[in-house]
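Asker: Quick one: this structure, given as structure tokens, is what I'll be asking you about.
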Amino acid sequence: MFDWDDLRIFVAAARAGSLGGAAQRLGVDAATVGRRVARLESALKSTLVVRSTTGLHLTAAGAQLLDIGLEAEGAMEAVARVTQPDTLAGVVRISASEGFGVTLMAPALAALRRASPGLRIELAANAGFLSPSRREVDMAITLAAPDAARLIVEPLTPYQLALYAAPDYVARHGAPDTVEALSGFDIVGYIDDLIYAPELRYLDEIRPGLTPHLASSSIRAQREIIAAGGGIGVLPCFMATGLRRVLPEILIERRFWLATHREVHDTARLRTVRTWLKALCAERRDGLRPFPTPVA
């Protein structure tokens, strides 16, 4: 028979993707995490993780045990909520796209903290997303609606993207007057094989085969390249302050989605953060969708 606490530590290691990451979250050392995972493997007579230079990778048995462990973790949290008051305190870890997380959320977090001092917010604002279904985060703001039974998913806000250039770039090179003319200008965009979601393939949507001359996996880096006169690129309108819109007939509509794990969806801390996020989007509505949608 295995120790249930070893299962808890295995779940933390699988979620973090490394012994060190799990150790930091659990407040123990990495060697202890490694020993406990090894003890669980010995008790179950199965290899659960494979160690490599890039971290831990789950075997098929490990992936199956992680699902069971997450269900057990959720059940234990439900038991705790029965016996403890639902206080407005604790950690809320949020995964968000880099542009939304850095440009909209980060400047507003100080006000949230002042209003709810019992909360601790951890914002993972990266290219790519951490998964609430695997409890890597409590909440994720995604480009498409995730499909997972463990998640409660709701639309957060629509937003628009358009083509932008620096004013001095337009002064030096002019502006394209047709989509076809874009091929004669410097284009800024994503690195093709590092695009992590189909919703980011803006250039193909504008004109198939349009290839960036300057590319980055980071939308913030793309914005800086454009602002420095590096060329024309697609940006969320809420990130385009100080830039000039070109080819105004090009307007891309997208939507952010909000996903929370079902087991923590109705806790006070998650309700508070969801309410804050929706109010933030409502407050920034004009920046998120500044242009009328063209009539088809």
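Please note that chains go A, B, ... in the order of the structure tokens, that every chain numbers its residues from 1, and that ligands are numbered from 1 in the order shown.
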Based on the backbone DSSP call, show me all residues of stretch 22-177 of chain A assigned alpha helix (DSSP H), as an MDAnalysis selection string.
Answerer: chainID A and resid 22:26 30:44 60:83 98:99 106:115 167:173
Asker: Step one, run DSSP on the backbone; step two, keep only residues of stretch 223-286 of chain A assigned to strand (DSSP E or B); then write them as a compact mmCIF listing (two decimals) with all heavy atoms, in the first residue's frame.
Answerer:
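Output saved as result19.txt:
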# COMPACT_ATOMS: atom_id res chain seq x y z
N ILE A 232 5.57 46.69 -40.35
CA ILE A 232 4.12 46.66 -40.13
C ILE A 232 3.76 45.29 -39.55
O ILE A 232 4.24 44.26 -40.02
CB ILE A 232 3.37 46.88 -41.46
CG1 ILE A 232 3.70 48.26 -42.04
CG2 ILE A 232 1.87 46.73 -41.27
CD1 ILE A 232 3.18 48.48 -43.45
N GLY A 233 2.90 45.29 -38.54
CA GLY A 233 2.49 44.02 -37.95
C GLY A 233 1.12 44.11 -37.32
O GLY A 233 0.57 45.19 -37.12
N VAL A 234 0.59 42.94 -37.00
CA VAL A 234 -0.71 42.83 -36.35
C VAL A 234 -0.53 42.91 -34.84
O VAL A 234 0.29 42.19 -34.27
CB VAL A 234 -1.41 41.51 -36.72
CG1 VAL A 234 -2.73 41.37 -35.96
CG2 VAL A 234 -1.65 41.43 -38.22
N LEU A 235 -1.28 43.79 -34.21
CA LEU A 235 -1.25 43.91 -32.75
C LEU A 235 -2.68 43.99 -32.21
O LEU A 235 -3.56 44.54 -32.88
CB LEU A 235 -0.51 45.18 -32.31
CG LEU A 235 1.00 45.24 -32.51
CD1 LEU A 235 1.51 46.63 -32.17
CD2 LEU A 235 1.71 44.19 -31.66
N PRO A 236 -2.91 43.48 -30.98
CA PRO A 236 -4.16 43.81 -30.32
C PRO A 236 -4.27 45.33 -30.20
O PRO A 236 -3.29 46.00 -29.87
CB PRO A 236 -4.03 43.14 -28.95
CG PRO A 236 -3.00 42.08 -29.13
CD PRO A 236 -2.04 42.62 -30.14
N ARG A 244 0.53 53.94 -35.53
CA ARG A 244 -0.42 54.36 -36.56
C ARG A 244 -1.05 53.12 -37.19
O ARG A 244 -0.35 52.19 -37.59
CB ARG A 244 0.29 55.20 -37.62
CG ARG A 244 -0.64 55.57 -38.78
CD ARG A 244 0.00 56.57 -39.70
NE ARG A 244 -0.74 56.65 -40.95
CZ ARG A 244 -0.42 57.45 -41.96
NH1 ARG A 244 0.65 58.26 -41.86
NH2 ARG A 244 -1.13 57.47 -43.07
N ARG A 245 -2.35 53.14 -37.30
CA ARG A 245 -3.05 52.04 -37.95
C ARG A 245 -2.94 52.20 -39.47
O ARG A 245 -3.11 53.29 -40.01
CB ARG A 245 -4.53 52.04 -37.54
CG ARG A 245 -5.28 50.80 -38.02
CD ARG A 245 -6.71 50.84 -37.57
NE ARG A 245 -7.46 49.72 -38.13
CZ ARG A 245 -8.78 49.65 -38.21
NH1 ARG A 245 -9.51 50.68 -37.75
NH2 ARG A 245 -9.37 48.60 -38.73
N LEU A 251 -9.48 44.37 -40.00
CA LEU A 251 -9.86 44.37 -38.59
C LEU A 251 -10.17 42.93 -38.19
O LEU A 251 -11.07 42.31 -38.76
CB LEU A 251 -11.08 45.27 -38.34
CG LEU A 251 -11.48 45.46 -36.87
CD1 LEU A 251 -10.38 46.18 -36.10
CD2 LEU A 251 -12.79 46.23 -36.77
N ILE A 252 -9.42 42.41 -37.25
CA ILE A 252 -9.55 41.01 -36.82
C ILE A 252 -10.27 40.97 -35.49
O ILE A 252 -9.91 41.69 -34.56
CB ILE A 252 -8.16 40.34 -36.72
CG1 ILE A 252 -7.48 40.35 -38.10
CG2 ILE A 252 -8.28 38.92 -36.19
CD1 ILE A 252 -6.03 39.91 -38.07
N GLU A 253 -11.28 40.13 -35.39
CA GLU A 253 -12.06 39.99 -34.16
C GLU A 253 -11.68 38.69 -33.46
O GLU A 253 -11.64 37.62 -34.08
CB GLU A 253 -13.56 39.98 -34.47
CG GLU A 253 -14.07 41.23 -35.16
CD GLU A 253 -14.45 42.33 -34.17
OE1 GLU A 253 -14.47 42.04 -32.95
OE2 GLU A 253 -14.71 43.46 -34.63
N ARG A 254 -11.40 38.77 -32.17
CA ARG A 254 -11.11 37.59 -31.36
C ARG A 254 -11.83 37.72 -30.01
O ARG A 254 -12.44 38.74 -29.71
CB ARG A 254 -9.61 37.47 -31.12
CG ARG A 254 -8.78 37.11 -32.35
CD ARG A 254 -8.97 35.68 -32.77
NE ARG A 254 -7.98 35.28 -33.76
CZ ARG A 254 -8.16 35.36 -35.07
NH1 ARG A 254 -9.29 35.85 -35.57
NH2 ARG A 254 -7.20 34.95 -35.90
N ARG A 255 -11.74 36.66 -29.21
CA ARG A 255 -12.36 36.67 -27.89
C ARG A 255 -11.45 35.98 -26.89
O ARG A 255 -10.82 34.96 -27.20
CB ARG A 255 -13.71 35.94 -27.93
CG ARG A 255 -14.46 35.94 -26.59
CD ARG A 255 -15.78 35.21 -26.72
NE ARG A 255 -16.70 35.89 -27.63
CZ ARG A 255 -17.50 36.89 -27.29
NH1 ARG A 255 -17.48 37.35 -26.05
NH2 ARG A 255 -18.30 37.43 -28.17
N PHE A 256 -11.33 36.56 -25.70
CA PHE A 256 -10.67 35.89 -24.58
C PHE A 256 -11.72 35.07 -23.82
O PHE A 256 -12.87 35.50 -23.65
CB PHE A 256 -10.03 36.89 -23.62
CG PHE A 256 -8.79 37.55 -24.16
CD1 PHE A 256 -8.74 38.92 -24.34
CD2 PHE A 256 -7.66 36.80 -24.47
CE1 PHE A 256 -7.60 39.54 -24.82
CE2 PHE A 256 -6.51 37.41 -24.95
CZ PHE A 256 -6.49 38.78 -25.13
N TRP A 257 -11.28 33.90 -23.35
CA TRP A 257 -12.14 33.01 -22.56
C TRP A 257 -11.54 32.85 -21.17
O TRP A 257 -10.32 32.91 -20.99
CB TRP A 257 -12.25 31.64 -23.24
CG TRP A 257 -12.91 31.72 -24.58
CD1 TRP A 257 -12.33 32.07 -25.77
CD2 TRP A 257 -14.28 31.47 -24.87
NE1 TRP A 257 -13.25 32.05 -26.77
CE2 TRP A 257 -14.46 31.68 -26.26
CE3 TRP A 257 -15.37 31.07 -24.09
CZ2 TRP A 257 -15.70 31.52 -26.88
CZ3 TRP A 257 -16.60 30.91 -24.71
CH2 TRP A 257 -16.75 31.13 -26.08
N LEU A 258 -12.41 32.63 -20.21
CA LEU A 258 -11.99 32.45 -18.82
C LEU A 258 -12.32 31.03 -18.38
O LEU A 258 -13.49 30.62 -18.44
CB LEU A 258 -12.71 33.47 -17.93
CG LEU A 258 -12.38 33.47 -16.44
CD1 LEU A 258 -10.89 33.73 -16.22
CD2 LEU A 258 -13.22 34.50 -15.71
N ALA A 259 -11.31 30.30 -17.96
CA ALA A 259 -11.50 28.91 -17.54
C ALA A 259 -11.01 28.76 -16.10
O ALA A 259 -9.91 29.20 -15.76
CB ALA A 259 -10.72 27.96 -18.45
N THR A 260 -11.84 28.14 -15.27
CA THR A 260 -11.45 27.84 -13.89
C THR A 260 -11.72 26.38 -13.60
O THR A 260 -12.61 25.76 -14.19
CB THR A 260 -12.23 28.70 -12.87
OG1 THR A 260 -13.64 28.54 -13.10
CG2 THR A 260 -11.87 30.16 -13.01
N HIS A 261 -10.92 25.83 -12.70
CA HIS A 261 -11.12 24.44 -12.32
C HIS A 261 -12.42 24.31 -11.54
O HIS A 261 -12.71 25.10 -10.64
CB HIS A 261 -9.93 23.94 -11.49
CG HIS A 261 -9.87 22.46 -11.39
ND1 HIS A 261 -10.67 21.74 -10.54
CD2 HIS A 261 -9.12 21.54 -12.06
CE1 HIS A 261 -10.40 20.45 -10.66
NE2 HIS A 261 -9.46 20.30 -11.58
Asker: Between atom CA of A:Gly62 and atom CA of A:Val49, what is the distance in Å, rounded to a tenth?
Answerer: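 These atoms are spaced 6.2 Å apart.
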Asker: List the neighbours of A:Gly34 out to 9 Å using only C-alpha atoms; skip same-chain residues closer than 5 positions along the sequence, and give me the result as a PyMOL selection string.
Answerer: chain A and resi 10+13+19+29+39
Asker: Please provide the set of residues having any atom within 12 Å of stretch 241-243 of chain A, restricted to only C-alpha atoms, with same-chain residues fewer than 3 positions apart removed, written as a list in words.
Answerer: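 These residues fall inside the cut-off: Thr103, Ala162, Leu163, Tyr164, Ala165, Ala166, Pro167, Asp168, Tyr169, Val170, Arg223, Glu224, Ile225, Ile226, Ala227, Ala228, Gly229, Gly231, Ile232, Gly233, Val234, Leu235, Pro236, Cys237, Phe238, Val246, Gly287, Leu288 and Pro290 of chain A.
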Asker: Mind checking which residues fall within 9 Å of A:Ala43, counting only C-alpha atoms, ignoring those fewer than 4 positions away in the same chain, and posting them as a ChimeraX atom specification?
Answerer: /A:1-3,38-39
Asker: Show which residues sit within 10 Å of stretch 52-56 of chain A, as a VMD selection string. Count only C-alpha atoms, and ignore same-chain residues fewer than 4 positions away.
Answerer: chain A and resid 13 to 21 48
Asker: Can you pull out every residue within 10 Å of stretch 114-127 of chain A, counting only C-alpha atoms, but drop anything in the same chain fewer than 5 positions away, and send it as number ranges by chain?
Answerer: A: 87-103, 105-106, 109, 137-141, 194-197, 217-220, 269-270, 272-273
Asker: Could you take the residues named above and write them with N, CA, C and O atoms, as a short mmCIF file (atom, residue, chain, number, x, y, z; two decimals), in the first residue's frame?
Answerer:
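As written to disk, part_4.cif reads:
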data_model
loop_
_atom_site.label_atom_id
_atom_site.label_comp_id
_atom_site.auth_asym_id
_atom_site.auth_seq_id
_atom_site.Cartn_x
_atom_site.Cartn_y
_atom_site.Cartn_z
N THR A 87 -13.31 31.95 3.42
CA THR A 87 -12.74 33.28 3.62
C THR A 87 -12.10 33.79 2.34
O THR A 87 -11.65 33.02 1.49
N LEU A 88 -12.05 35.11 2.24
CA LEU A 88 -11.46 35.75 1.07
C LEU A 88 -9.96 35.88 1.30
O LEU A 88 -9.43 36.94 1.65
N ALA A 89 -9.26 34.76 1.13
CA ALA A 89 -7.82 34.73 1.35
C ALA A 89 -7.23 33.56 0.59
O ALA A 89 -7.94 32.63 0.21
N GLY A 90 -5.93 33.64 0.37
CA GLY A 90 -5.23 32.53 -0.29
C GLY A 90 -4.65 32.94 -1.63
O GLY A 90 -4.75 34.09 -2.07
N VAL A 91 -4.02 31.96 -2.27
CA VAL A 91 -3.33 32.18 -3.54
C VAL A 91 -4.27 31.91 -4.71
O VAL A 91 -5.03 30.94 -4.70
N VAL A 92 -4.23 32.80 -5.70
CA VAL A 92 -4.89 32.55 -6.98
C VAL A 92 -3.82 32.69 -8.06
O VAL A 92 -3.26 33.76 -8.26
N ARG A 93 -3.52 31.57 -8.71
CA ARG A 93 -2.54 31.59 -9.80
C ARG A 93 -3.29 31.65 -11.13
O ARG A 93 -4.18 30.83 -11.38
N ILE A 94 -2.91 32.62 -11.96
CA ILE A 94 -3.63 32.89 -13.21
C ILE A 94 -2.66 32.79 -14.38
O ILE A 94 -1.58 33.39 -14.36
N SER A 95 -3.06 32.05 -15.40
CA SER A 95 -2.32 32.02 -16.66
C SER A 95 -3.05 32.92 -17.66
O SER A 95 -4.28 32.83 -17.80
N ALA A 96 -2.31 33.78 -18.33
CA ALA A 96 -2.92 34.70 -19.30
C ALA A 96 -1.96 34.89 -20.46
O ALA A 96 -0.75 34.74 -20.32
N SER A 97 -2.52 35.21 -21.63
CA SER A 97 -1.66 35.55 -22.75
C SER A 97 -0.79 36.73 -22.37
O SER A 97 -1.15 37.57 -21.54
N GLU A 98 0.39 36.80 -22.97
CA GLU A 98 1.36 37.82 -22.61
C GLU A 98 0.80 39.23 -22.77
O GLU A 98 0.94 40.07 -21.87
N GLY A 99 0.15 39.49 -23.89
CA GLY A 99 -0.37 40.84 -24.14
C GLY A 99 -1.41 41.24 -23.12
O GLY A 99 -1.34 42.32 -22.52
N PHE A 100 -2.40 40.38 -22.88
CA PHE A 100 -3.47 40.68 -21.93
C PHE A 100 -2.92 40.76 -20.51
O PHE A 100 -3.23 41.69 -19.75
N GLY A 101 -2.07 39.80 -20.15
CA GLY A 101 -1.56 39.75 -18.79
C GLY A 101 -0.70 40.94 -18.43
O GLY A 101 -0.85 41.53 -17.36
N VAL A 102 0.19 41.33 -19.35
CA VAL A 102 1.13 42.41 -19.06
C VAL A 102 0.48 43.78 -19.25
O VAL A 102 0.65 44.68 -18.42
N THR A 103 -0.26 43.94 -20.33
CA THR A 103 -0.79 45.27 -20.67
C THR A 103 -2.02 45.64 -19.86
O THR A 103 -2.15 46.78 -19.40
N MET A 105 -3.77 43.35 -17.20
CA MET A 105 -3.89 42.84 -15.84
C MET A 105 -2.85 43.42 -14.89
O MET A 105 -3.19 43.86 -13.79
N ALA A 106 -1.59 43.37 -15.29
CA ALA A 106 -0.51 43.74 -14.37
C ALA A 106 -0.68 45.13 -13.77
O ALA A 106 -0.54 45.30 -12.55
N LEU A 109 -3.32 45.08 -10.86
CA LEU A 109 -3.22 44.15 -9.74
C LEU A 109 -3.03 44.86 -8.40
O LEU A 109 -3.50 44.38 -7.37
N VAL A 137 -2.59 25.94 -12.72
CA VAL A 137 -3.10 27.25 -12.31
C VAL A 137 -4.53 27.08 -11.83
O VAL A 137 -5.16 26.06 -12.07
N ASP A 138 -5.05 28.08 -11.15
CA ASP A 138 -6.45 28.06 -10.74
C ASP A 138 -7.36 28.58 -11.84
O ASP A 138 -8.54 28.21 -11.91
N MET A 139 -6.81 29.44 -12.68
CA MET A 139 -7.62 30.16 -13.65
C MET A 139 -6.76 30.44 -14.88
O MET A 139 -5.57 30.72 -14.75
N ALA A 140 -7.36 30.35 -16.08
CA ALA A 140 -6.62 30.66 -17.30
C ALA A 140 -7.46 31.55 -18.19
O ALA A 140 -8.67 31.35 -18.33
N ILE A 141 -6.80 32.54 -18.79
CA ILE A 141 -7.44 33.39 -19.80
C ILE A 141 -6.85 32.97 -21.13
O ILE A 141 -5.65 33.12 -21.39
N LEU A 194 6.76 28.39 -33.81
CA LEU A 194 6.55 28.60 -32.38
C LEU A 194 5.17 29.18 -32.08
O LEU A 194 4.90 29.59 -30.95
N ILE A 195 4.30 29.23 -33.09
CA ILE A 195 2.92 29.69 -32.86
C ILE A 195 2.18 28.60 -32.09
O ILE A 195 2.06 27.47 -32.56
N TYR A 196 1.70 28.92 -30.90
CA TYR A 196 1.13 27.91 -30.02
C TYR A 196 -0.39 27.78 -30.12
O TYR A 196 -0.97 26.92 -29.48
N ALA A 197 -1.03 28.64 -30.93
CA ALA A 197 -2.48 28.56 -31.07
C ALA A 197 -2.87 29.04 -32.46
O ALA A 197 -2.31 30.02 -32.96
N SER A 217 8.48 35.16 -30.90
CA SER A 217 7.41 34.40 -30.24
C SER A 217 6.65 35.26 -29.24
O SER A 217 5.61 34.86 -28.73
N SER A 218 7.16 36.47 -28.96
CA SER A 218 6.58 37.37 -27.96
C SER A 218 5.83 38.51 -28.63
O SER A 218 6.39 39.23 -29.46
N ILE A 219 4.56 38.70 -28.26
CA ILE A 219 3.80 39.82 -28.82
C ILE A 219 4.33 41.15 -28.30
O ILE A 219 4.29 42.17 -29.01
N ARG A 220 4.88 41.18 -27.10
CA ARG A 220 5.48 42.42 -26.59
C ARG A 220 6.73 42.77 -27.39
O ARG A 220 6.99 43.94 -27.68
N ARG A 269 -12.19 33.32 -3.12
CA ARG A 269 -11.07 33.98 -3.79
C ARG A 269 -11.22 33.94 -5.32
O ARG A 269 -10.91 34.92 -6.00
N LEU A 270 -11.73 32.82 -5.86
CA LEU A 270 -11.93 32.75 -7.31
C LEU A 270 -13.09 33.62 -7.75
O LEU A 270 -13.03 34.27 -8.80
N THR A 272 -14.01 36.38 -6.37
CA THR A 272 -13.54 37.77 -6.31
C THR A 272 -12.70 38.11 -7.54
O THR A 272 -12.86 39.18 -8.14
N VAL A 273 -11.80 37.22 -7.91
CA VAL A 273 -10.92 37.50 -9.05
C VAL A 273 -11.72 37.50 -10.36
O VAL A 273 -11.47 38.33 -11.24
#
Asker: Of the candidates A:Ala72, A:Ala61, A:Ile191, A:Leu143, which shows the shortest atom-to-atom distance to A:Lys45, using only C-alpha atoms?
Answerer: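 Answer, going by the shortest atom-to-atom distance: A:Ala61.
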Asker: Report the distance between atom CA of A:Ala12 and atom CA of A:Arg274 in Å, rounded to one decimal place.
Answerer: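 It comes out at 24.8 Å.
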Asker: Could you tell me how far atom CA of A:Leu156 lies from atom CA of A:Arg271, in Å and to one decimal?
Answerer: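 These atoms are spaced 13.8 Å apart.
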Asker: Select, from A:Val11, A:Val264, A:Ile152, A:Val188, the residue with the minimum atom-to-atom distance to A:Leu58, counting only C-alpha atoms.
Answerer: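 The closest residue to A:Leu58 is A:Val11.
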Asker: Considering only C-alpha atoms, can you say which of A:Leu7, A:Ile206, A:Ala63, A:Leu70 comes closest to A:Glu41?
Answerer: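 Selected residue with least distance to A:Glu41: A:Leu7.
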